[in-house]
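Student: Following this line is input-v3.txt, made up of compact mmCIF, C-alpha atoms and all ligand atoms:
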```txt
# COMPACT_ATOMS: atom_id res chain seq x y z
CA MET C 52 16.53 9.54 4.63
CA GLY C 53 14.16 6.87 5.88
CA GLY C 54 11.27 5.37 4.00
CA ARG C 55 9.26 2.16 3.97
CA ILE C 56 10.31 -0.38 1.43
CA VAL C 57 8.87 -3.75 0.49
CA LEU C 58 11.75 -5.78 -0.91
CA GLY C 59 10.58 -8.49 -3.29
CA VAL C 60 13.09 -11.24 -3.99
CA SER C 61 12.44 -13.58 -6.90
CA GLY C 62 14.15 -16.81 -7.87
CA GLY C 63 17.39 -15.81 -9.59
CA ILE C 64 20.90 -16.71 -8.61
CA ALA C 65 21.48 -13.05 -7.61
CA ALA C 66 18.97 -13.43 -4.75
CA TYR C 67 21.88 -13.47 -2.29
CA LYS C 68 22.72 -9.88 -3.32
CA ALA C 69 19.34 -8.79 -1.95
CA VAL C 70 20.77 -9.44 1.54
CA GLU C 71 23.41 -6.75 0.94
CA LEU C 72 20.71 -4.43 -0.44
CA LEU C 73 18.63 -4.84 2.69
CA ARG C 74 21.64 -3.89 4.82
CA ILE C 75 22.33 -0.77 2.71
CA PHE C 76 18.73 0.40 3.10
CA GLN C 77 18.82 -0.19 6.84
CA ARG C 78 22.00 1.88 7.11
CA ARG C 79 20.13 4.67 5.29
CA GLY C 80 17.40 4.56 7.96
CA CYS C 81 14.76 2.69 5.91
CA GLU C 82 12.29 0.14 7.28
CA LEU C 83 11.89 -3.04 5.28
CA ARG C 84 9.51 -5.95 4.83
CA VAL C 85 10.56 -8.82 2.61
CA ILE C 86 8.43 -10.97 0.31
CA MET C 87 10.13 -13.88 -1.44
CA THR C 88 8.92 -16.15 -4.21
CA ARG C 89 8.99 -19.87 -3.52
CA HIS C 90 11.88 -20.23 -6.00
CA ALA C 91 13.89 -17.48 -4.27
CA THR C 92 13.87 -19.60 -1.10
CA GLY C 93 15.87 -22.16 -3.08
CA PHE C 94 18.74 -19.64 -3.12
CA VAL C 95 18.44 -17.83 0.24
CA ASN C 96 16.77 -19.09 3.39
CA PRO C 97 13.88 -16.76 4.35
CA ARG C 98 15.22 -16.82 7.90
CA THR C 99 18.17 -14.65 6.77
CA PHE C 100 15.79 -11.87 5.69
CA ALA C 101 13.51 -12.40 8.70
CA VAL C 102 16.36 -12.01 11.20
CA LEU C 103 17.90 -9.02 9.40
CA SER C 104 14.61 -7.19 8.75
CA GLY C 105 13.16 -8.06 12.17
CA HIS C 106 9.88 -9.11 10.54
CA PRO C 107 8.37 -12.35 9.21
CA VAL C 108 9.07 -13.01 5.54
CA GLU C 109 6.07 -13.66 3.35
CA VAL C 110 6.43 -16.50 0.85
CA ASP C 111 2.92 -17.84 0.44
CA GLN C 112 -0.16 -16.14 1.89
CA TRP C 113 -1.89 -19.54 2.04
CA ASP C 114 0.79 -21.01 4.36
CA ARG C 115 -0.12 -18.61 7.14
CA PRO C 116 -2.47 -19.83 9.89
CA ALA C 117 -6.01 -18.50 9.47
CA GLU C 118 -5.64 -15.52 11.72
CA PRO C 119 -5.71 -11.82 10.96
CA GLY C 120 -2.27 -10.38 10.29
CA ILE C 121 -0.73 -7.90 7.92
CA ASP C 122 -2.02 -8.90 4.49
CA HIS C 123 -1.06 -7.51 1.10
CA VAL C 124 -3.63 -4.71 1.31
CA ASP C 125 -2.43 -3.54 4.75
CA LEU C 126 1.16 -3.77 3.60
CA ALA C 127 0.33 -1.62 0.57
CA ARG C 128 -1.03 1.07 2.91
CA TRP C 129 2.25 0.99 4.82
CA ALA C 130 4.77 0.94 1.97
CA ASP C 131 6.26 3.85 0.03
CA LEU C 132 8.02 1.71 -2.53
CA LEU C 133 8.23 -1.83 -3.86
CA LEU C 134 11.64 -2.93 -5.08
CA ILE C 135 11.97 -6.31 -6.76
CA ALA C 136 15.63 -7.32 -6.82
CA PRO C 137 16.50 -9.56 -8.44
CA ALA C 138 13.51 -9.57 -10.78
CA THR C 139 13.32 -12.77 -12.82
CA ALA C 140 12.04 -13.00 -16.36
CA ASN C 141 9.10 -14.85 -14.83
CA ILE C 142 8.04 -12.13 -12.35
CA LEU C 143 8.41 -9.45 -15.05
CA GLY C 144 6.08 -11.42 -17.32
CA LYS C 145 3.60 -11.93 -14.50
CA LEU C 146 3.58 -8.25 -13.49
CA ALA C 147 3.15 -7.13 -17.09
CA SER C 148 0.15 -9.47 -17.45
CA GLY C 149 -1.46 -8.81 -14.06
CA ILE C 150 -1.01 -12.38 -12.82
CA ALA C 151 -1.26 -12.72 -9.03
CA ASP C 152 -0.57 -16.34 -8.15
CA ASP C 153 1.83 -16.01 -5.22
CA ALA C 154 2.59 -13.58 -2.38
CA LEU C 155 4.94 -11.32 -4.36
CA SER C 156 2.87 -10.99 -7.53
CA THR C 157 -0.31 -10.51 -5.46
CA TYR C 158 1.37 -7.82 -3.39
CA ALA C 159 2.66 -6.10 -6.55
CA LEU C 160 -0.92 -5.75 -7.79
CA ALA C 161 -2.10 -4.32 -4.46
CA HIS C 162 0.90 -1.97 -4.16
CA ARG C 163 0.08 1.73 -4.62
CA GLY C 164 3.46 3.43 -4.34
CA THR C 165 6.53 3.53 -6.53
CA LEU C 166 7.68 0.34 -8.26
CA VAL C 167 11.37 -0.29 -8.95
CA LEU C 168 12.58 -3.37 -10.82
CA ALA C 169 16.15 -4.63 -10.93
CA PRO C 170 16.15 -7.51 -13.43
CA ALA C 171 18.87 -10.16 -13.53
CA MET C 172 19.07 -13.14 -15.82
CA ASN C 173 21.09 -14.93 -18.44
CA THR C 174 21.92 -12.75 -21.47
CA PHE C 175 19.85 -14.86 -23.85
CA MET C 176 16.82 -14.67 -21.58
CA TRP C 177 17.37 -10.90 -21.22
CA ARG C 178 17.38 -10.39 -24.99
CA LYS C 179 14.16 -12.30 -25.61
CA PRO C 180 11.47 -10.03 -27.09
CA ALA C 181 8.98 -11.36 -24.52
CA VAL C 182 11.16 -10.15 -21.63
CA GLN C 183 11.86 -6.77 -23.25
CA ALA C 184 8.16 -6.34 -24.05
CA SER C 185 7.25 -7.01 -20.39
CA LEU C 186 9.77 -4.41 -19.26
CA GLU C 187 8.55 -1.88 -21.79
CA THR C 188 4.96 -2.37 -20.63
CA LEU C 189 5.97 -1.95 -16.99
CA ARG C 190 8.05 1.15 -17.78
CA GLU C 191 5.13 2.69 -19.66
CA ARG C 192 2.97 2.11 -16.58
CA GLY C 193 5.44 4.05 -14.44
CA ALA C 194 7.90 1.46 -13.12
CA THR C 195 11.53 2.46 -12.76
CA VAL C 196 13.92 -0.13 -14.16
CA VAL C 197 17.50 -0.35 -12.90
CA PRO C 198 19.01 -2.17 -15.88
CA PRO C 199 21.36 -5.10 -15.45
CA GLU C 200 25.09 -4.75 -16.08
CA SER C 201 27.32 -6.52 -18.57
CA GLY C 202 29.98 -8.95 -17.48
CA GLN C 203 30.60 -12.54 -16.53
CA LEU C 204 27.34 -14.17 -15.41
CA ALA C 205 26.87 -16.92 -12.82
CA CYS C 206 26.12 -19.36 -15.67
CA ARG C 207 29.59 -18.45 -17.08
CA ASP C 208 28.06 -16.78 -20.16
CA GLU C 209 29.41 -13.31 -20.85
CA GLY C 210 27.08 -10.37 -21.52
CA GLU C 211 24.28 -8.23 -20.22
CA GLY C 212 22.13 -9.64 -17.45
CA ARG C 213 24.06 -9.35 -14.18
CA LEU C 214 22.14 -7.62 -11.40
CA ALA C 215 23.16 -3.94 -11.12
CA ALA C 216 25.50 -3.19 -8.21
CA PRO C 217 23.55 -3.00 -4.92
CA GLU C 218 24.85 0.58 -4.38
CA SER C 219 23.44 1.68 -7.78
CA ILE C 220 20.09 0.06 -7.03
CA ALA C 221 20.05 1.69 -3.60
CA ASP C 222 20.86 5.13 -5.08
CA ALA C 223 18.01 4.81 -7.57
CA VAL C 224 15.56 3.75 -4.86
CA LEU C 225 16.62 6.35 -2.29
CA GLY C 226 16.16 9.10 -4.88
CA LEU C 227 12.54 8.01 -5.35
CA LEU C 228 11.50 7.79 -1.71
CA PRO C 229 9.29 10.58 -0.41
CA PRO C 230 11.14 12.75 2.10
CA ARG C 231 10.61 11.76 5.72
CA GLY C 232 12.17 13.00 8.89
CA PRO C 233 12.46 16.24 10.87
CA LEU C 234 14.13 18.15 8.00
CA ALA C 235 11.68 17.04 5.28
CA GLY C 236 10.79 19.96 3.01
CA LEU C 237 14.08 21.82 3.53
CA ASN C 238 16.52 22.36 0.68
CA ILE C 239 20.02 22.34 2.11
CA LEU C 240 23.25 23.21 0.33
CA VAL C 241 26.50 21.92 1.85
CA THR C 242 29.98 22.77 0.60
CA ALA C 243 32.90 20.45 1.31
CA GLY C 244 36.53 19.75 0.59
CA PRO C 245 39.44 21.88 -0.51
CA THR C 246 39.82 23.88 -3.70
CA ARG C 247 42.81 23.66 -6.03
CA GLU C 248 44.35 26.85 -7.36
CA PRO C 249 46.50 26.08 -10.40
CA LEU C 250 50.13 27.23 -10.69
CA ASP C 251 50.64 25.67 -14.09
CA ARG C 252 49.09 22.81 -16.05
CA VAL C 253 50.05 20.16 -13.48
CA ARG C 254 50.65 21.91 -10.16
CA PHE C 255 48.26 23.57 -7.76
CA LEU C 256 48.01 25.13 -4.31
CA SER C 257 45.58 23.36 -2.00
CA ASN C 258 45.07 22.40 1.65
CA ARG C 259 44.63 19.38 3.88
CA SER C 260 40.82 19.33 3.93
CA SER C 261 39.48 15.82 3.16
CA GLY C 262 35.86 16.94 2.77
CA ARG C 263 34.80 14.43 5.39
CA MET C 264 32.95 16.90 7.65
CA GLY C 265 30.93 18.34 4.76
CA VAL C 266 30.17 14.88 3.35
CA ALA C 267 29.03 13.76 6.82
CA LEU C 268 26.80 16.85 7.08
CA ALA C 269 25.28 16.24 3.65
CA GLN C 270 24.62 12.59 4.50
CA ALA C 271 23.15 13.39 7.92
CA ALA C 272 20.90 16.12 6.44
CA ALA C 273 19.64 13.69 3.77
CA ASP C 274 19.08 11.01 6.42
CA LEU C 275 17.00 13.53 8.40
CA GLY C 276 14.80 14.08 5.34
CA ALA C 277 16.23 17.23 3.72
CA ARG C 278 16.77 17.56 -0.03
CA VAL C 279 20.52 18.06 -0.16
CA THR C 280 22.98 19.40 -2.71
CA LEU C 281 26.67 18.84 -1.99
CA LEU C 282 28.97 21.32 -3.74
CA HIS C 283 32.48 20.00 -3.39
CA GLY C 284 36.10 20.36 -4.36
CA PRO C 285 38.32 17.27 -4.82
CA LEU C 286 37.26 14.87 -2.06
CA ALA C 287 39.43 12.30 -0.24
CA VAL C 288 36.28 10.39 0.80
CA ALA C 289 33.37 8.89 -1.16
CA PRO C 290 30.48 11.28 -1.83
CA PRO C 291 27.27 10.46 0.05
CA ALA C 292 24.37 8.40 -1.31
CA GLY C 293 21.01 9.97 -2.11
CA VAL C 294 22.48 13.45 -2.45
CA ARG C 295 22.88 15.59 -5.57
CA CYS C 296 26.61 16.29 -6.00
CA VAL C 297 28.17 19.20 -7.91
CA ALA C 298 31.96 18.95 -8.33
CA VAL C 299 34.23 21.97 -8.83
CA GLU C 300 37.97 22.48 -8.69
CA THR C 301 38.83 26.11 -7.99
CA ALA C 302 37.51 28.82 -5.68
CA ALA C 303 36.28 30.65 -8.78
CA GLY C 304 34.37 27.52 -9.84
CA MET C 305 32.88 27.25 -6.37
CA GLY C 306 31.86 30.92 -6.46
CA GLU C 307 30.04 30.46 -9.78
CA ALA C 308 28.28 27.32 -8.52
CA LEU C 309 27.24 29.14 -5.33
CA ASP C 310 25.68 31.95 -7.39
CA ARG C 311 23.58 29.32 -9.14
CA LEU C 312 22.76 27.05 -6.17
CA VAL C 313 22.21 29.46 -3.26
CA PRO C 314 18.88 30.85 -4.58
CA GLU C 315 17.53 27.26 -4.81
CA ASN C 316 18.24 26.51 -1.14
CA ASP C 317 16.75 27.47 2.23
CA VAL C 318 19.92 26.70 4.15
CA ALA C 319 23.66 26.71 3.38
CA PHE C 320 26.42 25.03 5.39
CA LEU C 321 29.71 26.36 4.07
CA ALA C 322 32.14 23.69 5.29
CA ALA C 323 34.52 23.77 2.30
CA ALA C 324 38.10 24.87 2.94
CA VAL C 325 38.16 27.35 0.06
CA ALA C 326 41.61 28.75 -0.74
CA ASP C 327 42.38 32.11 0.86
CA PHE C 328 45.04 32.93 -1.73
CA ARG C 329 45.62 31.97 -5.35
CA PRO C 330 48.39 32.60 -7.88
CA VAL C 331 47.84 35.84 -9.78
CA GLU C 332 49.06 34.17 -12.95
CA ARG C 333 48.83 30.60 -14.15
CA ALA C 334 51.74 29.38 -16.33
CA SER C 335 50.39 27.99 -19.60
CA GLY C 336 52.69 24.95 -19.71
CA LYS C 337 54.69 23.28 -16.94
CA LEU C 338 57.05 25.41 -14.89
CA ASP C 339 60.62 24.27 -15.57
CA ARG C 340 63.13 23.79 -12.73
CA ARG C 341 66.03 24.62 -15.05
CA GLU C 342 64.77 28.17 -15.29
CA GLY C 343 65.71 28.61 -11.62
CA SER C 344 63.88 30.31 -8.80
CA PHE C 345 60.99 32.66 -9.40
CA GLU C 346 58.64 34.81 -7.39
CA LEU C 347 55.11 33.58 -6.94
CA GLU C 348 52.59 36.37 -6.52
CA LEU C 349 49.42 35.43 -4.67
CA GLU C 350 46.20 37.38 -4.44
CA PRO C 351 43.42 36.96 -1.88
CA VAL C 352 40.41 34.99 -3.06
CA PRO C 353 37.10 36.90 -2.76
CA ASP C 354 35.23 35.90 0.41
CA LEU C 355 32.60 33.48 -0.91
CA ALA C 356 30.83 33.06 2.44
CA ALA C 357 30.46 36.83 2.88
CA ALA C 358 29.03 37.07 -0.64
CA VAL C 359 26.37 34.50 0.31
CA GLY C 360 25.63 36.05 3.72
CA ASN C 361 25.39 39.59 2.41
CA GLY C 362 23.83 38.72 -0.94
CA PRO C 363 20.23 38.69 -2.18
CA ARG C 364 17.87 35.83 -1.19
CA ARG C 365 20.14 34.98 1.69
CA PRO C 366 19.63 31.45 3.05
CA TYR C 367 19.94 30.45 6.71
CA LEU C 368 23.72 30.43 6.76
CA VAL C 369 26.13 28.36 8.83
CA VAL C 370 29.87 28.94 8.39
CA PHE C 371 32.83 27.02 9.77
CA ALA C 372 35.76 28.54 11.62
CA ALA C 373 38.85 26.34 11.84
CA GLU C 374 40.92 28.18 14.44
CA ALA C 375 44.25 27.34 16.05
CA GLY C 376 42.78 27.39 19.57
CA PRO C 377 39.26 27.60 20.98
CA ASP C 378 38.95 31.31 20.16
CA ARG C 379 35.22 32.04 20.46
CA GLN C 380 35.58 35.78 19.91
CA ARG C 381 37.39 35.25 16.59
CA ALA C 382 34.71 32.76 15.51
CA LEU C 383 31.91 35.19 16.43
CA ALA C 384 33.65 38.01 14.57
CA LYS C 385 33.94 35.73 11.51
CA MET C 386 30.24 34.87 11.75
CA ARG C 387 29.26 38.56 11.83
CA ALA C 388 31.62 39.54 9.02
CA LYS C 389 30.04 36.89 6.80
CA GLY C 390 26.47 37.76 7.72
CA ALA C 391 25.96 34.20 9.01
CA ASP C 392 23.36 32.90 11.46
CA ALA C 393 25.68 30.44 13.16
CA VAL C 394 29.32 29.44 13.20
CA VAL C 395 30.79 26.02 13.90
CA LEU C 396 34.11 26.50 15.69
CA ASN C 397 36.67 23.75 15.60
CA ASP C 398 40.10 23.89 17.14
CA ILE C 399 42.56 22.65 14.53
CA SER C 400 45.47 22.75 17.00
CA ALA C 401 43.96 19.88 19.06
CA GLU C 402 45.37 16.37 18.38
CA GLY C 403 43.21 13.89 16.43
CA ILE C 404 40.35 16.19 15.43
CA GLY C 405 39.57 18.50 12.53
CA MET C 406 41.21 18.38 9.11
CA GLU C 407 42.22 14.91 7.83
CA SER C 408 40.83 13.26 10.99
CA ALA C 409 37.85 10.94 11.35
CA GLU C 410 36.74 12.74 14.51
CA ASN C 411 35.81 16.25 15.45
CA GLU C 412 34.84 18.30 18.48
CA VAL C 413 33.11 21.61 17.87
CA THR C 414 31.07 24.39 19.40
CA VAL C 415 28.08 25.85 17.56
CA LEU C 416 27.69 29.57 18.26
CA ALA C 417 24.54 31.30 17.02
CA ALA C 418 23.92 34.94 16.14
CA ALA C 419 20.79 34.59 18.29
CA GLY C 420 23.09 34.31 21.32
CA TRP C 421 22.99 30.59 22.22
CA GLU C 422 25.89 28.17 21.99
CA ARG C 423 26.08 24.37 21.95
CA PRO C 424 29.30 22.45 22.62
CA ILE C 425 29.42 19.09 20.79
CA GLU C 426 31.79 16.64 22.35
CA ARG C 427 34.44 14.68 20.53
CA ALA C 428 32.97 11.95 18.30
CA ALA C 429 33.10 10.56 14.77
CA LYS C 430 32.37 13.31 12.23
CA GLU C 431 29.15 11.50 11.23
CA ILE C 432 27.81 11.88 14.78
CA VAL C 433 29.08 15.46 15.13
CA ALA C 434 27.36 16.30 11.82
CA ARG C 435 24.01 15.05 13.09
CA GLU C 436 24.41 17.00 16.33
CA ILE C 437 25.23 20.22 14.43
CA LEU C 438 22.10 19.78 12.33
CA LEU C 439 19.93 19.09 15.35
CA ALA C 440 21.40 22.13 17.15
CA VAL C 441 20.28 24.48 14.38
CA SER C 442 17.22 22.51 13.22
CA GLY C 443 14.68 24.81 14.92
CA GLU C 444 16.19 27.94 13.37
CA MET C 445 16.59 26.27 9.97
CA LEU C 446 12.93 25.19 9.89
CA VAL C 447 11.70 28.66 10.85
CA ALA C 448 13.94 30.24 8.18
CA GLY C 449 12.84 27.64 5.59
CA ALA C 450 9.16 28.25 6.34
CA GLY C 451 9.68 32.03 5.89
CA ARG C 452 11.16 31.72 2.37
C1 LIG C 501 20.16 -22.25 -10.66
C2 LIG C 501 19.09 -21.37 -11.25
C3 LIG C 501 19.37 -20.03 -11.47
C4 LIG C 501 18.39 -19.21 -12.04
N1 LIG C 501 18.67 -17.90 -12.23
C5 LIG C 501 17.74 -17.12 -12.81
C6 LIG C 501 18.01 -15.73 -13.03
O1 LIG C 501 19.09 -15.23 -12.68
N2 LIG C 501 17.05 -14.98 -13.62
C7 LIG C 501 15.85 -15.50 -14.01
O2 LIG C 501 15.04 -14.76 -14.55
N3 LIG C 501 15.57 -16.79 -13.79
C8 LIG C 501 16.47 -17.61 -13.20
N4 LIG C 501 16.19 -18.93 -12.99
C9 LIG C 501 14.88 -19.44 -13.41
C10 LIG C 501 13.82 -19.11 -12.40
O3 LIG C 501 14.15 -19.65 -11.13
C11 LIG C 501 12.49 -19.68 -12.87
O4 LIG C 501 12.07 -19.01 -14.06
C12 LIG C 501 11.42 -19.56 -11.82
O5 LIG C 501 10.19 -20.04 -12.35
C13 LIG C 501 11.24 -18.13 -11.35
O6 LIG C 501 10.22 -18.06 -10.39
P1 LIG C 501 9.91 -16.74 -9.57
O7 LIG C 501 9.92 -15.60 -10.54
O8 LIG C 501 8.57 -17.00 -8.99
O9 LIG C 501 10.96 -16.64 -8.54
C14 LIG C 501 17.13 -19.76 -12.40
C15 LIG C 501 16.88 -21.11 -12.16
C16 LIG C 501 17.84 -21.90 -11.60
C17 LIG C 501 17.51 -23.35 -11.35
```
Any chance you could put this one into structure tokens?
Tutor:
Amino acid sequence: MGGRIVLGVSGGIAAYKAVELLRIFQRRGCELRVIMTRHATGFVNPRTFAVLSGHPVEVDQWDRPAEPGIDHVDLARWADLLLIAPATANILGKLASGIADDALSTYALAHRGTLVLAPAMNTFMWRKPAVQASLETLRERGATVVPPESGQLACRDEGEGRLAAPESIADAVLGLLPPRGPLAGLNILVTAGPTREPLDRVRFLSNRSSGRMGVALAQAAADLGARVTLLHGPLAVAPPAGVRCVAVETAAGMGEALDRLVPENDVAFLAAAVADFRPVERASGKLDRREGSFELELEPVPDLAAAVGNGPRRPYLVVFAAEAGPDRQRALAKMRAKGADAVVLNDISAEGIGMESAENEVTVLAAAGWERPIERAAKEIVAREILLAVSGEMLVAGAGR
């Protein structure tokens, strides 16, 4: 994803949570500079942020020796977004009134990009009309507010005022960053996970897909700057951050969602393990063992990938072939049958890779004739390599749409 963030930390007890936030943003490929208020340094030593961010932490512009350096105006040219977390009642009041009496409030006035505020304070402070009026003013001027949560506060009062979870703040911020990276400008759809085909109200037919490969692809594509939609069946892993997720259960549900989502995207990676067969009939209640054995009639599920590859407004299409053995001819035949531009072949008979595993080893075969083996590695790394292997073709296809 990437992006340049100024993280402002003001003097609330939740200042220590800003350390975790900084780490989350770094994992998402963002660059950070930190500005703390003098009071925030009473909770967290600026050295913590300096070491983790790899840059000096600004507390007071007037402390710096009189030499040219990055000042608030230069920093404003650099930054995409200012996040203040935690935001005290005091800094909210100052921002709403245009007061610039320390490094953070001065920077906030000079800042030109997006402003995100994550307030945290005691419930009674939070409810004060003055605090709410400051927030309202800032919202009206375009700031995004990530509201605090309810719960037990550090002061042992119970109620609203606790800083929102760092993951929620990070999601809000990442969604607001301008796209950066080699895939910026591309809309990529990724499918992941198994489908469930119901037998009765409680039972279903499914498969061992965890969704991990598709989730890793969606995350890697977002980290490389693409706008990503993840269409997924029931996942055994957490969905990625900064990605729009659409959840479905059955192959039919996935087919309907594809009809809707494919025209919006330049590229589709169909990594979901969609059922090949489904029960012809679904029992309305719960099948009863006492009724003895019965015959289960299955019908083939329509080929969703072929419908995408041979349909109108066809995206650049990558399909996945999980084969019992490194059968390149079978994979190529599958690619052609589905009208795809590339196929990712993985050998599900090999130990420790593929379905339910954390690792994978694949070969990307392209309709254009080239092939790229990707050696065994964590699925996150394999995902990035797959994307880079097809990035040139994806960008050309995206530009032509
Ligand atoms: C132990 C302690 C915890 C505090 N926690 C908060 C808080 O969570 N939220 C808040 O708005 N103010 C809190 N304050 C009050 C602020 O530190 C105070 O208003 C200060 O002037 C804020 O300055 P700053 O906004 O420049 O950091 C706390 C004060 C103390 C002593």
Student: Taking into account all atoms listed in the file, which residue in the set C:Ser261, C:Ser104, C:Ser156, C:Thr280 is nearest to C:Cys81?
Tutor: C:Ser104
Student: Using all atoms listed in the file, determine which residues lie at most 9 Å from C:Leu286, disregarding the query and same-chain residues fewer than 6 positions distant; provide the list as a PyMOL selection string.
Tutor: chain C and resi 243-245+260-263+266
Student: At what distance in Å, to one decimal, does atom CA of C:Asp274 lie from atom CA of C:Val294?
Tutor: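 Here the two named atoms are 9.8 Å from each other.
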Student: Report as a tab-separated table the residues of chain C within 9 Å of ligand LIG 501 (chain C), each with its shortest atom pair and distance in Å (one decimal), using only C-alpha atoms and all ligand atoms, ordered by chain and increasing residue number.
Tutor:
```
residue	atom	partner	partner_atom	distance
C:Val60	CA	C:LIG501	O9	7.4
C:Ser61	CA	C:LIG501	O9	3.8
C:Gly62	CA	C:LIG501	O9	3.3
C:Gly63	CA	C:LIG501	C5	3.5
C:Ile64	CA	C:LIG501	N1	4.4
C:Ala65	CA	C:LIG501	O1	6.0
C:Ala66	CA	C:LIG501	O1	8.1
C:Met87	CA	C:LIG501	O9	7.7
C:Thr88	CA	C:LIG501	O9	4.8
C:Arg89	CA	C:LIG501	O8	6.2
C:His90	CA	C:LIG501	O9	4.5
C:Ala91	CA	C:LIG501	O9	5.2
C:Thr92	CA	C:LIG501	O9	8.5
C:Gly93	CA	C:LIG501	C17	8.5
C:Phe94	CA	C:LIG501	C1	8.1
C:Pro137	CA	C:LIG501	N2	7.5
C:Ala138	CA	C:LIG501	O2	6.6
C:Thr139	CA	C:LIG501	O2	3.1
C:Ala140	CA	C:LIG501	O2	3.9
C:Asn141	CA	C:LIG501	O7	4.4
C:Ile142	CA	C:LIG501	O7	4.3
C:Leu143	CA	C:LIG501	O7	7.8
C:Gly144	CA	C:LIG501	O7	8.8
C:Lys145	CA	C:LIG501	O7	8.3
C:Asp153	CA	C:LIG501	O8	7.8
C:Leu155	CA	C:LIG501	O8	8.2
C:Ser156	CA	C:LIG501	O8	8.4
C:Pro170	CA	C:LIG501	O2	7.4
C:Ala171	CA	C:LIG501	O1	5.1
C:Met172	CA	C:LIG501	N2	3.5
C:Asn173	CA	C:LIG501	O1	6.1
C:Met176	CA	C:LIG501	O2	7.3
C:Trp177	CA	C:LIG501	O2	8.1
C:Leu204	CA	C:LIG501	O1	8.8
C:Ala205	CA	C:LIG501	O1	8.0
C:Cys206	CA	C:LIG501	C3	8.0
C:Gly212	CA	C:LIG501	O1	8.0
C:Arg213	CA	C:LIG501	O1	7.8
C:Leu214	CA	C:LIG501	O1	8.3
```
Student: Can you write just those residues out, C-alpha atoms, as a CSV table (one decimal), keeping the file's coordinate frame?
Tutor:
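Below is the file that was written, result-v2.csv:
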```csv
chain,number,residue,atom,x,y,z
C,60,VAL,CA,13.1,-11.2,-4.0
C,61,SER,CA,12.4,-13.6,-6.9
C,62,GLY,CA,14.2,-16.8,-7.9
C,63,GLY,CA,17.4,-15.8,-9.6
C,64,ILE,CA,20.9,-16.7,-8.6
C,65,ALA,CA,21.5,-13.0,-7.6
C,66,ALA,CA,19.0,-13.4,-4.8
C,87,MET,CA,10.1,-13.9,-1.4
C,88,THR,CA,8.9,-16.2,-4.2
C,89,ARG,CA,9.0,-19.9,-3.5
C,90,HIS,CA,11.9,-20.2,-6.0
C,91,ALA,CA,13.9,-17.5,-4.3
C,92,THR,CA,13.9,-19.6,-1.1
C,93,GLY,CA,15.9,-22.2,-3.1
C,94,PHE,CA,18.7,-19.6,-3.1
C,137,PRO,CA,16.5,-9.6,-8.4
C,138,ALA,CA,13.5,-9.6,-10.8
C,139,THR,CA,13.3,-12.8,-12.8
C,140,ALA,CA,12.0,-13.0,-16.4
C,141,ASN,CA,9.1,-14.8,-14.8
C,142,ILE,CA,8.0,-12.1,-12.4
C,143,LEU,CA,8.4,-9.4,-15.0
C,144,GLY,CA,6.1,-11.4,-17.3
C,145,LYS,CA,3.6,-11.9,-14.5
C,153,ASP,CA,1.8,-16.0,-5.2
C,155,LEU,CA,4.9,-11.3,-4.4
C,156,SER,CA,2.9,-11.0,-7.5
C,170,PRO,CA,16.2,-7.5,-13.4
C,171,ALA,CA,18.9,-10.2,-13.5
C,172,MET,CA,19.1,-13.1,-15.8
C,173,ASN,CA,21.1,-14.9,-18.4
C,176,MET,CA,16.8,-14.7,-21.6
C,177,TRP,CA,17.4,-10.9,-21.2
C,204,LEU,CA,27.3,-14.2,-15.4
C,205,ALA,CA,26.9,-16.9,-12.8
C,206,CYS,CA,26.1,-19.4,-15.7
C,212,GLY,CA,22.1,-9.6,-17.4
C,213,ARG,CA,24.1,-9.4,-14.2
C,214,LEU,CA,22.1,-7.6,-11.4
```
Student: When distances are computed from all atoms listed in the file, which of C:Ser185, C:Ala372, C:Leu225, C:Ala391 shows the smallest separation from C:Gly149?
Tutor: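 Of C:Ser185, C:Ala372, C:Leu225, C:Ala391, the one nearest C:Gly149 is C:Ser185, counting all atoms listed in the file.
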Student: As an exercise, work out the distance from atom CA of C:Ala298 to atom CA of C:Val313 in Å and give it to one decimal place.
Tutor: 15.2 Å
Student: Quick one: of C:Leu237, C:Val196, C:Val369, C:Ala269, who's nearest to C:Pro290, counting only C-alpha atoms?
Tutor: C:Ala269
Student: Using all atoms listed in the file, which residue out of C:Leu446, C:Leu132, C:Val124, C:Leu347 lies closest to C:Val318?
Tutor: C:Leu446
Student: Looking at only C-alpha atoms, which of C:Lys430, C:Arg329, C:Arg381, C:Arg74 is the one that sits closest to C:Ile404?
Tutor: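 Of all the options, C:Lys430 lies closest to C:Ile404.
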Student: Atom CA of C:Gly276 and atom CA of C:Ala393 are how many Å apart?
Tutor: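 Between atom CA of C:Gly276 and atom CA of C:Ala393 the gap is 21.1 Å.
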